[in-house]
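Student: Got input-v1.txt for you, compact mmCIF, C-alpha atoms:
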```txt
# COMPACT_ATOMS: atom_id res chain seq x y z
CA MET A 775 -20.29 38.14 223.32
CA VAL A 776 -21.31 36.34 226.54
CA GLU A 777 -24.78 35.64 225.06
CA LEU A 778 -23.23 34.22 221.89
CA GLU A 779 -20.95 31.97 223.93
CA ASP A 780 -24.00 30.67 225.82
CA ILE A 781 -25.70 29.86 222.49
CA PHE A 782 -22.62 28.01 221.21
CA ILE A 783 -22.22 26.02 224.45
CA ARG A 784 -25.94 25.13 224.46
CA ILE A 785 -25.66 23.67 220.93
CA ILE A 786 -22.45 21.77 221.79
CA ARG A 787 -24.09 20.21 224.85
CA SER A 788 -27.40 19.52 223.11
CA ASN A 789 -28.82 16.00 223.39
CA ILE A 790 -31.28 16.52 220.52
CA PHE A 791 -29.45 15.92 217.23
CA ARG A 792 -27.13 13.05 216.48
CA ASN A 793 -26.78 14.21 212.85
CA ARG A 794 -29.08 17.03 211.66
CA ASP A 795 -27.76 16.80 208.07
CA ILE A 796 -29.85 13.64 207.63
CA LEU A 797 -32.99 15.84 207.67
CA LYS A 798 -31.75 18.16 204.91
CA PRO A 799 -33.38 17.87 201.47
CA ASP A 800 -30.13 17.13 199.60
CA TYR A 801 -29.30 14.11 201.80
CA VAL A 802 -29.80 10.79 200.00
CA PRO A 803 -30.49 7.96 202.50
CA GLU A 804 -29.73 4.29 202.02
CA LYS A 805 -33.45 3.49 202.26
CA LEU A 806 -36.19 5.32 200.35
CA PRO A 807 -39.52 3.97 201.68
CA HIS A 808 -42.46 3.85 199.26
CA ARG A 809 -40.37 4.54 196.18
CA GLU A 810 -39.33 0.94 195.44
CA LYS A 811 -41.39 0.80 192.23
CA GLU A 812 -39.86 4.03 190.87
CA ILE A 813 -36.35 2.89 191.85
CA ARG A 814 -36.80 -0.40 189.98
CA LYS A 815 -38.22 1.34 186.90
CA LEU A 816 -35.42 3.93 186.65
CA GLY A 817 -32.82 1.26 187.39
CA SER A 818 -34.19 -0.92 184.57
CA ILE A 819 -34.06 2.01 182.12
CA LEU A 820 -30.44 2.87 182.96
CA ALA A 821 -29.11 -0.71 183.33
CA PRO A 822 -28.25 -1.23 179.61
CA VAL A 823 -25.38 1.24 179.99
CA LEU A 824 -23.53 -1.47 181.94
CA LYS A 825 -23.44 -3.59 178.75
CA GLY A 826 -22.37 -0.75 176.48
CA SER A 827 -25.84 0.28 175.23
CA ARG A 828 -27.15 3.82 175.48
CA PRO A 829 -30.13 4.07 177.90
CA SER A 830 -33.32 5.82 176.88
CA ASN A 831 -33.77 9.44 177.88
CA VAL A 832 -36.09 9.81 180.87
CA PHE A 833 -38.39 12.57 182.07
CA ILE A 834 -39.43 12.35 185.73
CA TYR A 835 -42.57 14.24 186.76
CA GLY A 836 -44.07 14.90 190.17
CA LEU A 837 -44.93 17.60 192.69
CA THR A 838 -42.31 19.10 195.00
CA GLY A 839 -41.15 16.71 197.72
CA THR A 840 -42.22 13.46 196.06
CA GLY A 841 -38.71 11.98 195.99
CA LYS A 842 -37.79 12.60 192.32
CA THR A 843 -34.28 13.94 192.97
CA ALA A 844 -33.54 11.54 195.83
CA VAL A 845 -34.52 8.49 193.74
CA THR A 846 -32.51 9.71 190.73
CA LYS A 847 -29.38 10.33 192.83
CA TYR A 848 -29.86 7.02 194.66
CA VAL A 849 -30.19 4.98 191.45
CA THR A 850 -27.28 6.71 189.65
CA LYS A 851 -25.07 6.31 192.74
CA LYS A 852 -25.75 2.55 192.80
CA LEU A 853 -25.25 2.44 189.01
CA MET A 854 -21.83 4.10 189.34
CA MET A 855 -20.80 1.61 192.05
CA THR A 856 -21.77 -1.32 189.81
CA ALA A 857 -20.06 0.23 186.78
CA LYS A 858 -16.82 0.61 188.76
CA LYS A 859 -17.07 -2.99 189.96
CA PHE A 860 -17.35 -4.25 186.36
CA ASN A 861 -14.87 -1.73 184.95
CA VAL A 862 -17.45 0.10 182.79
CA ASN A 863 -16.74 3.77 182.07
CA VAL A 864 -19.93 5.56 183.18
CA LYS A 865 -20.08 9.17 184.30
CA VAL A 866 -22.97 11.09 185.87
CA ALA A 867 -23.41 14.88 185.71
CA TYR A 868 -26.02 16.39 188.02
CA VAL A 869 -27.10 20.00 187.30
CA ASN A 870 -29.79 21.87 189.20
CA THR A 871 -30.93 24.32 186.53
CA ARG A 872 -32.61 26.62 189.06
CA GLN A 873 -29.15 27.27 190.50
CA SER A 874 -27.20 27.03 187.23
CA ASP A 875 -29.89 29.08 185.57
CA THR A 876 -28.39 29.89 182.15
CA PRO A 877 -27.49 27.63 179.21
CA TYR A 878 -23.87 28.80 179.60
CA ARG A 879 -23.68 27.66 183.23
CA VAL A 880 -25.32 24.32 182.44
CA LEU A 881 -22.79 23.66 179.66
CA MET A 882 -19.97 24.79 181.95
CA GLU A 883 -20.98 22.21 184.58
CA LEU A 884 -21.29 19.49 181.94
CA ALA A 885 -17.82 20.34 180.62
CA GLU A 886 -16.39 20.15 184.13
CA SER A 887 -18.02 16.73 184.61
CA VAL A 888 -15.74 15.38 181.85
CA GLY A 889 -12.64 17.15 183.15
CA VAL A 890 -12.76 20.34 181.05
CA LYS A 891 -12.32 23.65 182.91
CA VAL A 892 -14.28 26.56 181.45
CA PRO A 893 -14.08 30.22 182.56
CA PHE A 894 -17.15 31.53 184.41
CA THR A 895 -17.73 34.06 181.64
CA GLY A 896 -16.00 35.39 178.54
CA ILE A 897 -16.47 32.82 175.78
CA PRO A 898 -19.56 32.04 173.64
CA ALA A 899 -21.88 29.23 174.75
CA ALA A 900 -21.23 27.50 171.39
CA GLU A 901 -17.52 27.30 172.28
CA VAL A 902 -18.32 25.86 175.73
CA TYR A 903 -20.45 23.22 173.99
CA ARG A 904 -17.56 22.35 171.60
CA ARG A 905 -15.15 21.97 174.52
CA PHE A 906 -17.67 19.78 176.34
CA ILE A 907 -18.05 17.52 173.27
CA ARG A 908 -14.27 17.29 172.88
CA GLY A 909 -13.83 16.42 176.56
CA LEU A 910 -16.59 13.80 176.43
CA GLU A 911 -15.05 12.18 173.33
CA ASN A 912 -11.64 12.08 175.01
CA SER A 913 -13.11 10.44 178.09
CA GLN A 914 -14.67 7.63 175.99
CA ALA A 915 -17.50 7.35 178.51
CA SER A 916 -21.24 6.92 178.71
CA LEU A 917 -22.48 10.16 180.30
CA ILE A 918 -25.81 10.38 182.10
CA VAL A 919 -26.88 14.03 182.36
CA ILE A 920 -29.40 14.85 185.11
CA LEU A 921 -31.13 18.20 184.59
CA ASP A 922 -33.10 18.94 187.75
CA GLU A 923 -35.94 21.52 187.62
CA ILE A 924 -35.46 21.63 183.85
CA ASP A 925 -38.80 23.45 183.40
CA TYR A 926 -37.32 26.47 185.20
CA LEU A 927 -34.48 26.82 182.67
CA VAL A 928 -36.64 26.18 179.59
CA LYS A 929 -39.32 28.67 180.65
CA LYS A 930 -36.64 31.29 181.30
CA HIS A 931 -34.29 30.73 178.34
CA GLY A 932 -36.11 28.52 175.86
CA ASP A 933 -35.39 24.91 174.88
CA ASP A 934 -32.24 25.41 172.78
CA ILE A 935 -30.06 23.70 175.41
CA LEU A 936 -32.29 20.61 175.31
CA TYR A 937 -32.20 20.61 171.51
CA ARG A 938 -28.38 20.68 171.51
CA LEU A 939 -28.09 17.90 174.06
CA SER A 940 -30.75 15.77 172.35
CA ARG A 941 -28.71 15.85 169.09
CA THR A 942 -25.30 15.35 170.72
CA ASN A 943 -25.11 11.60 170.03
CA GLU A 944 -25.12 12.40 166.29
CA VAL A 945 -21.65 13.97 166.59
CA LEU A 946 -20.15 11.53 169.09
CA ARG A 947 -18.01 8.58 168.00
CA ASN A 948 -16.30 7.29 171.16
CA SER A 949 -18.89 8.27 173.78
CA GLU A 950 -22.62 8.63 174.29
CA ILE A 951 -25.01 10.73 176.31
CA SER A 952 -28.39 10.08 177.95
CA ILE A 953 -30.61 12.69 179.58
CA ILE A 954 -32.71 12.54 182.72
CA GLY A 955 -35.00 15.58 183.06
CA ILE A 956 -36.69 16.22 186.41
CA THR A 957 -39.64 18.60 186.63
CA ASN A 958 -42.52 19.61 188.92
CA ASP A 959 -44.58 20.61 185.86
CA ILE A 960 -46.73 17.70 184.68
CA LYS A 961 -47.42 19.54 181.39
CA PHE A 962 -43.79 20.40 180.73
CA SER A 963 -43.47 18.33 177.55
CA GLU A 964 -46.30 20.37 175.99
CA ILE A 965 -44.11 23.49 175.85
CA LEU A 966 -41.25 21.71 174.04
CA ASP A 967 -40.63 22.06 170.31
CA PRO A 968 -41.91 18.91 168.50
CA ARG A 969 -38.41 18.39 167.04
CA ILE A 970 -36.95 18.17 170.55
CA LYS A 971 -39.63 15.74 171.71
CA SER A 972 -38.86 13.60 168.68
CA SER A 973 -35.09 13.72 169.31
CA LEU A 974 -35.45 12.95 172.99
CA GLY A 975 -37.89 10.07 172.52
CA GLU A 976 -38.15 10.02 176.27
CA VAL A 977 -39.62 7.51 178.72
CA GLU A 978 -41.80 9.11 181.42
CA ILE A 979 -41.98 8.27 185.13
CA VAL A 980 -44.61 10.01 187.26
CA PHE A 981 -44.09 10.20 191.04
CA PRO A 982 -47.36 10.32 193.03
CA PRO A 983 -47.58 12.39 196.24
CA TYR A 984 -46.99 10.68 199.58
CA ASP A 985 -49.89 10.20 201.99
CA ALA A 986 -49.64 10.83 205.75
CA VAL A 987 -48.87 7.18 206.58
CA GLN A 988 -46.04 7.04 204.02
CA LEU A 989 -44.62 10.33 205.31
CA GLU A 990 -44.60 8.89 208.84
CA ASP A 991 -42.51 5.95 207.59
CA ILE A 992 -40.07 8.31 205.84
CA LEU A 993 -39.69 10.52 208.93
CA SER A 994 -39.31 7.53 211.25
CA GLU A 995 -36.45 6.16 209.12
CA ARG A 996 -34.63 9.50 209.08
CA ALA A 997 -35.29 10.20 212.77
CA LYS A 998 -33.48 6.99 213.82
CA GLU A 999 -30.22 8.46 212.55
CA ALA A 1000 -30.91 12.18 212.97
CA PHE A 1001 -31.93 12.26 216.66
CA TYR A 1002 -30.70 10.68 219.86
CA GLU A 1003 -33.00 8.03 221.40
CA ASN A 1004 -36.05 9.14 223.38
CA THR A 1005 -35.77 12.70 222.06
CA LEU A 1006 -39.11 12.95 220.22
CA ASP A 1007 -42.51 12.97 221.93
CA ASP A 1008 -44.92 10.37 220.50
CA GLY A 1009 -47.05 12.83 218.53
CA VAL A 1010 -44.20 14.72 216.84
CA ILE A 1011 -43.68 12.55 213.76
CA PRO A 1012 -47.43 11.95 213.10
CA LEU A 1013 -48.11 15.71 213.32
CA CYS A 1014 -45.23 16.59 210.94
CA ALA A 1015 -46.54 13.95 208.52
CA ALA A 1016 -50.16 15.14 208.76
CA LEU A 1017 -49.24 18.80 208.16
CA ALA A 1018 -47.09 17.91 205.14
CA ALA A 1019 -49.74 15.54 203.75
CA LYS A 1020 -52.08 18.54 203.52
CA GLU A 1021 -49.52 20.21 201.24
CA HIS A 1022 -49.66 17.64 198.43
CA GLY A 1023 -47.67 14.99 200.33
CA ASP A 1024 -44.45 17.01 200.39
CA ALA A 1025 -41.71 14.96 202.11
CA ARG A 1026 -39.37 17.96 201.99
CA LYS A 1027 -41.89 19.98 204.01
CA ALA A 1028 -42.21 17.13 206.54
CA LEU A 1029 -38.43 16.89 206.96
CA ASP A 1030 -38.12 20.67 207.32
CA LEU A 1031 -40.82 20.67 210.02
CA LEU A 1032 -39.06 17.92 211.97
CA ARG A 1033 -35.64 19.58 211.65
CA VAL A 1034 -36.83 23.07 212.65
CA ALA A 1035 -38.85 21.63 215.57
CA GLY A 1036 -35.63 19.96 216.78
CA GLU A 1037 -33.68 23.20 216.37
CA LEU A 1038 -36.28 25.15 218.37
CA ALA A 1039 -36.06 22.61 221.21
CA GLU A 1040 -32.28 22.86 221.03
CA GLN A 1041 -32.40 26.68 221.23
CA GLU A 1042 -34.63 26.45 224.30
CA GLY A 1043 -32.09 24.16 225.96
CA VAL A 1044 -34.60 21.31 226.53
CA ASN A 1045 -33.97 17.61 225.90
CA ARG A 1046 -37.20 16.65 224.13
CA VAL A 1047 -38.99 17.80 220.99
CA THR A 1048 -42.71 18.31 221.64
CA ILE A 1049 -45.85 18.93 219.56
CA ASP A 1050 -45.62 22.61 220.56
CA HIS A 1051 -42.22 22.76 218.85
CA VAL A 1052 -43.80 21.38 215.66
CA TRP A 1053 -46.52 24.07 215.65
CA LYS A 1054 -43.89 26.77 216.22
CA ALA A 1055 -41.79 25.28 213.40
CA ARG A 1056 -44.83 25.35 211.11
CA ASP A 1057 -45.30 29.07 211.84
CA GLU A 1058 -41.62 29.84 211.31
CA LEU A 1059 -41.39 27.96 208.00
CA GLU A 1060 -44.65 29.48 206.75
CA LYS A 1061 -43.42 32.97 207.55
CA ASP A 1062 -40.11 32.31 205.79
CA LYS A 1063 -41.93 31.04 202.69
CA VAL A 1064 -44.41 33.91 202.61
CA SER A 1065 -41.66 36.47 203.22
CA GLU A 1066 -39.61 35.18 200.32
CA VAL A 1067 -42.56 35.21 197.91
CA VAL A 1068 -44.16 38.49 198.98
CA ARG A 1069 -40.92 40.51 199.14
CA THR A 1070 -40.28 39.91 195.44
CA MET A 1071 -43.87 40.63 194.34
CA PRO A 1072 -44.65 43.85 192.43
CA LEU A 1073 -46.72 46.52 194.21
CA HIS A 1074 -50.10 45.55 192.73
CA GLY A 1075 -49.59 41.90 193.66
CA LYS A 1076 -49.01 43.01 197.26
CA LEU A 1077 -52.09 45.24 197.14
CA VAL A 1078 -54.31 42.39 195.92
CA LEU A 1079 -52.98 40.16 198.72
CA ALA A 1080 -53.55 42.97 201.23
CA SER A 1081 -57.12 43.35 199.92
CA ILE A 1082 -57.84 39.66 200.46
CA TYR A 1083 -56.33 39.85 203.95
CA LYS A 1084 -58.42 42.88 204.93
CA LEU A 1085 -61.66 41.38 203.59
CA GLN A 1086 -61.01 38.10 205.40
CA MET A 1087 -60.49 40.04 208.65
CA LYS A 1088 -63.87 41.79 208.43
CA LYS A 1089 -66.05 39.19 206.61
CA THR A 1090 -67.39 35.87 207.84
CA SER A 1091 -67.51 34.39 204.32
CA PRO A 1092 -64.71 34.25 201.70
CA PRO A 1093 -64.67 37.35 199.44
CA SER A 1094 -65.43 37.21 195.72
CA THR A 1095 -63.14 38.65 193.05
CA GLY A 1096 -65.57 41.57 192.66
CA GLU A 1097 -65.27 42.44 196.35
CA ILE A 1098 -61.48 42.05 196.15
CA TYR A 1099 -61.31 44.44 193.21
CA SER A 1100 -63.40 47.03 195.07
CA GLU A 1101 -61.11 46.78 198.14
CA TYR A 1102 -58.03 46.90 195.90
CA ARG A 1103 -59.20 50.16 194.28
CA SER A 1104 -59.76 51.61 197.75
CA LEU A 1105 -56.18 50.74 198.76
CA CYS A 1106 -54.82 52.23 195.52
CA GLU A 1107 -56.66 55.46 196.35
CA LYS A 1108 -55.09 55.59 199.83
CA LEU A 1109 -51.61 55.19 198.30
CA ASP A 1110 -52.34 57.49 195.36
CA ALA A 1111 -51.51 54.61 192.96
CA ALA A 1112 -53.20 54.12 189.57
CA PRO A 1113 -55.31 50.92 189.74
CA LEU A 1114 -55.02 48.10 187.19
CA THR A 1115 -58.00 46.72 185.26
CA TYR A 1116 -60.36 44.13 186.71
CA ARG A 1117 -59.06 41.55 184.22
CA ARG A 1118 -55.44 42.10 185.31
CA ILE A 1119 -56.42 41.80 188.98
CA SER A 1120 -58.20 38.54 188.15
CA ASP A 1121 -54.91 37.31 186.61
CA ILE A 1122 -53.03 38.32 189.78
CA VAL A 1123 -55.54 36.36 191.90
CA ASN A 1124 -54.76 33.29 189.75
CA GLU A 1125 -51.02 33.89 190.20
CA LEU A 1126 -51.41 34.11 194.00
CA ASP A 1127 -53.36 30.84 193.86
CA MET A 1128 -50.52 29.17 191.93
CA LEU A 1129 -48.00 30.45 194.50
CA GLY A 1130 -50.04 28.77 197.24
CA LEU A 1131 -50.72 32.01 199.17
CA ILE A 1132 -54.46 31.81 198.55
CA GLU A 1133 -57.04 29.24 197.48
CA ALA A 1134 -59.41 30.41 194.73
CA LYS A 1135 -62.37 28.36 193.53
CA ILE A 1136 -65.39 28.94 191.34
CA VAL A 1137 -68.77 28.46 193.02
CA SER A 1138 -72.33 28.59 191.71
CA ARG A 1139 -74.65 31.32 193.00
CA GLY A 1140 -77.76 29.81 191.40
CA ARG A 1141 -79.64 32.26 189.18
CA TYR A 1142 -76.94 34.88 189.90
CA GLY A 1143 -74.44 32.79 187.95
CA ARG A 1144 -70.96 31.64 188.93
CA THR A 1145 -68.29 33.57 190.81
CA LYS A 1146 -64.80 32.98 192.15
CA ILE A 1147 -64.32 33.10 195.91
CA VAL A 1148 -60.96 33.41 197.61
CA LYS A 1149 -59.48 32.59 201.01
CA LEU A 1150 -55.99 32.94 202.44
CA ASN A 1151 -53.92 29.77 202.50
CA VAL A 1152 -51.52 31.11 205.15
CA GLN A 1153 -52.10 32.59 208.58
CA PRO A 1154 -53.36 36.22 208.35
CA ARG A 1155 -50.92 37.26 211.09
CA ILE A 1156 -48.00 36.26 208.89
CA ILE A 1157 -49.36 38.24 205.91
CA GLU A 1158 -49.61 41.34 208.11
CA GLU A 1159 -46.09 40.93 209.51
CA VAL A 1160 -44.58 40.52 206.05
CA MET A 1161 -46.58 43.44 204.58
CA LEU A 1162 -45.38 45.71 207.39
CA GLU A 1163 -41.80 45.11 206.25
CA ASP A 1164 -42.64 47.25 203.19
CA LYS A 1165 -42.50 50.91 204.35
CA TYR A 1166 -44.72 51.96 201.44
CA LEU A 1167 -47.57 49.75 202.69
CA GLU A 1168 -47.29 50.59 206.40
CA GLU A 1169 -50.21 53.05 206.38
CA LEU A 1170 -52.55 50.28 205.16
CA PHE A 1171 -51.96 48.38 208.40
CA PRO A 1172 -52.66 50.60 211.44
CA LYS A 1173 -50.44 49.78 214.38
CA LYS A 1174 -52.22 47.95 217.18
CA HIS A 1175 -52.11 49.68 220.56
CA SER A 1176 -51.48 47.53 223.58
```
Could I get this file's structure written as structure tokens?
Tutor:
Amino acid sequence: MVELEDIFIRIIRSNIFRNRDILKPDYVPEKLPHREKEIRKLGSILAPVLKGSRPSNVFIYGLTGTGKTAVTKYVTKKLMMTAKKFNVNVKVAYVNTRQSDTPYRVLMELAESVGVKVPFTGIPAAEVYRRFIRGLENSQASLIVILDEIDYLVKKHGDDILYRLSRTNEVLRNSEISIIGITNDIKFSEILDPRIKSSLGEVEIVFPPYDAVQLEDILSERAKEAFYENTLDDGVIPLCAALAAKEHGDARKALDLLRVAGELAEQEGVNRVTIDHVWKARDELEKDKVSEVVRTMPLHGKLVLASIYKLQMKKTSPPSTGEIYSEYRSLCEKLDAAPLTYRRISDIVNELDMLGLIEAKIVSRGRYGRTKIVKLNVQPRIIEEVMLEDKYLEELFPKKHS
């Protein structure tokens, strides 16, 4: 209890953070550097609603951390303020479909956005949709529906929810609805039914990744409000920006690095955030990410990852898929597990590449043809630590003696 009290007092007396919430991914700042073009474009698309016209549907594409959600929330917030000023009845419903991950829950949130309470379970989705339509009609409003990470819902449950929403204006008399879909998947529209694409008739906005210089600007703006003056060493923000720029210009990653670095300094009871804190934050975040992904992987996915790790530890050059398969079979034998086929293991290698745990690329070996070589994308130490959390895999990683 005494130790806990010391921790609490240390945080209360900390001179690091003025407002740490400003570094969280769901915070929408008043300034969004390097997204002025996208703000103007989305604002222009939505502006007709202020004169009683229904805006076009919009699909916003871009990698994680490129500002898609922040820009959408920023523009719709300003739109709502203007609508109120000119007495125009506009409503906005934001749904993150990774969190509300069923069509029922999406419809439930939309119903609640127009003042209709729906039980968490117990009635058919079609009835929830009817209640939502009735509530929207009664509100006599223009509703802008934001479906964030829409690819996640469609891949999991199909595109029926989009089809329903795309045809909703056909049954409305006193209200109207426009859809903003946000996705990390550039090819998302290719998986949609042609009828839905036709009904949506969407406008597309693509958000490019940030570069290191742009990320520095973003972090500098946030840091002014998030930290007390003279708290950050000179190299802290450039290093956070450089590390995040390597990961496809992910502003969310940069903000997480800066926040966790500050928290580590705070926990140590020091008054300045240093470059060392950034490197420690990078390790901590990487471990958290790897832990989350690896824990939920099936056994053979873990064994393939363990094979790559072991080969990287004993080889000077990146292993090929053939070498990985040979090592994988050896690990299966140790665990008395039936191995999968070479083709399936090749698929798992591709899946690990997509998850960002490894980097796989095809190289030419001259007259010996082409082969795929693989290297870990995360620190080997972290892979070992996470693997050791699985009791079944412990024997594959002999304990080191001090």
Student: For stretch 818-821 of chain A, list every protein, DNA or RNA residue within 10 Å, evaluated using all atoms listed in the file, and leave out those in the same chain fewer than 5 positions away; present the list as a ChimeraX atom specification.
Tutor: /A:812-813,826-832,849-850,853,856-857,918,952,954,977
Student: Using all atoms listed in the file, which residues sit within 7 Å of stretch 942-950 of chain A once same-chain residues fewer than 6 positions away are excluded, as number ranges by chain?
Tutor: A: 828, 910-911, 914-917
Student: What is the atom CA of A:Ile924 to atom CA of A:Thr871 distance in Å?
Tutor: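 Atom CA of A:Thr871 lies at a distance of 5.9 Å from atom CA of A:Ile924.
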Student: Find the residue from A:Thr1005, A:Gly841, A:Asp922, A:Leu1073 that sits nearest to A:Leu1109; use only C-alpha atoms when measuring.
Tutor: A:Leu1073
Student: To one decimal in Å, tell me the separation between atom CA of A:Lys998 and atom CA of A:Thr843.
Tutor: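 It comes out at 22.0 Å.
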Student: What is the distance, in Å and to one decimal place, between atom CA of A:Val862 and atom CA of A:Ser913?
Tutor: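 According to the coordinates, atom CA of A:Val862 and atom CA of A:Ser913 are separated by 12.2 Å.
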Student: What lies within 10 Å of A:Val1010 using only C-alpha atoms, ignoring chain neighbours under 4 positions off, as number ranges by chain?
Tutor: A: 990, 1006, 1014-1015, 1031-1032, 1035, 1047-1053
Student: If you keep C-alpha atoms, can you produce a file of those selected residues as a PDB file, in the coordinates of the input?
Tutor:
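And here's result.pdb as it stands now:
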```pdb
ATOM      1  CA  GLU A 990     -44.600   8.890 208.840  1.00  0.00           C
ATOM      2  CA  LEU A1006     -39.110  12.950 220.220  1.00  0.00           C
ATOM      3  CA  CYS A1014     -45.230  16.590 210.940  1.00  0.00           C
ATOM      4  CA  ALA A1015     -46.540  13.950 208.520  1.00  0.00           C
ATOM      5  CA  LEU A1031     -40.820  20.670 210.020  1.00  0.00           C
ATOM      6  CA  LEU A1032     -39.060  17.920 211.970  1.00  0.00           C
ATOM      7  CA  ALA A1035     -38.850  21.630 215.570  1.00  0.00           C
ATOM      8  CA  VAL A1047     -38.990  17.800 220.990  1.00  0.00           C
ATOM      9  CA  THR A1048     -42.710  18.310 221.640  1.00  0.00           C
ATOM     10  CA  ILE A1049     -45.850  18.930 219.560  1.00  0.00           C
ATOM     11  CA  ASP A1050     -45.620  22.610 220.560  1.00  0.00           C
ATOM     12  CA  HIS A1051     -42.220  22.760 218.850  1.00  0.00           C
ATOM     13  CA  VAL A1052     -43.800  21.380 215.660  1.00  0.00           C
ATOM     14  CA  TRP A1053     -46.520  24.070 215.650  1.00  0.00           C
TER      15      TRP A1053
END
```
Student: May I ask which of the residues A:Ile1082, A:Leu778, A:Asp1121, A:Glu810 is the closest one to A:Pro1154, counting only C-alpha atoms?
Tutor: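 Looking at the shortest contact to A:Pro1154, the residue is A:Ile1082.
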Student: Which is closer to A:Asn1124 than all the others in A:Gly1143, A:Gly1075, A:Tyr1083, A:Glu1107, using only C-alpha atoms?
Tutor: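 Closest to A:Asn1124 of all the choices is A:Gly1075.
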Student: Could you list, as a list in words, every residue within 10 Å of A:Asp1062, counting all atoms listed in the file and ignoring same-chain residues fewer than 5 positions away?
Tutor: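 Counting all atoms listed in the file, the residues come to Arg1056, Asp1057, Val1067, Ile1156 and Val1160 of chain A.
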Student: What's the 10 Å shell around A:Ala1025, counting only C-alpha atoms, without same-chain residues fewer than 2 positions away, as a list in words?
Tutor: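 Contacts, with the query itself left out: Pro799, Thr838, Gly839, Thr840, Gly841, Pro983, Tyr984, Asp985, Ala986, Gln988, Leu989, Glu990, Ile992, Leu993, Cys1014, Ala1015, Ala1018, Ala1019, Glu1021, His1022, Gly1023, Lys1027, Ala1028, Leu1029, Asp1030 and Leu1031 of chain A.
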Student: Where does stretch 925-975 of chain A meet stretch 876-882 of chain A within 12 Å, residue by residue, with the nearest atom pair and distance in Å to one decimal for each, counting only C-alpha atoms, listed by chain and rising number, as CSV?
Tutor:
```
residue,atom,partner,partner_atom,distance
A:Tyr926,CA,A:Thr876,CA,10.0
A:Leu927,CA,A:Thr876,CA,6.8
A:Val928,CA,A:Pro877,CA,9.3
A:Lys929,CA,A:Thr876,CA,11.1
A:Lys930,CA,A:Thr876,CA,8.4
A:His931,CA,A:Thr876,CA,7.1
A:Gly932,CA,A:Pro877,CA,9.3
A:Asp933,CA,A:Pro877,CA,9.4
A:Asp934,CA,A:Pro877,CA,8.3
A:Ile935,CA,A:Pro877,CA,6.0
A:Leu936,CA,A:Pro877,CA,9.4
A:Tyr937,CA,A:Pro877,CA,11.4
A:Arg938,CA,A:Leu881,CA,10.3
A:Leu939,CA,A:Leu881,CA,9.6
```
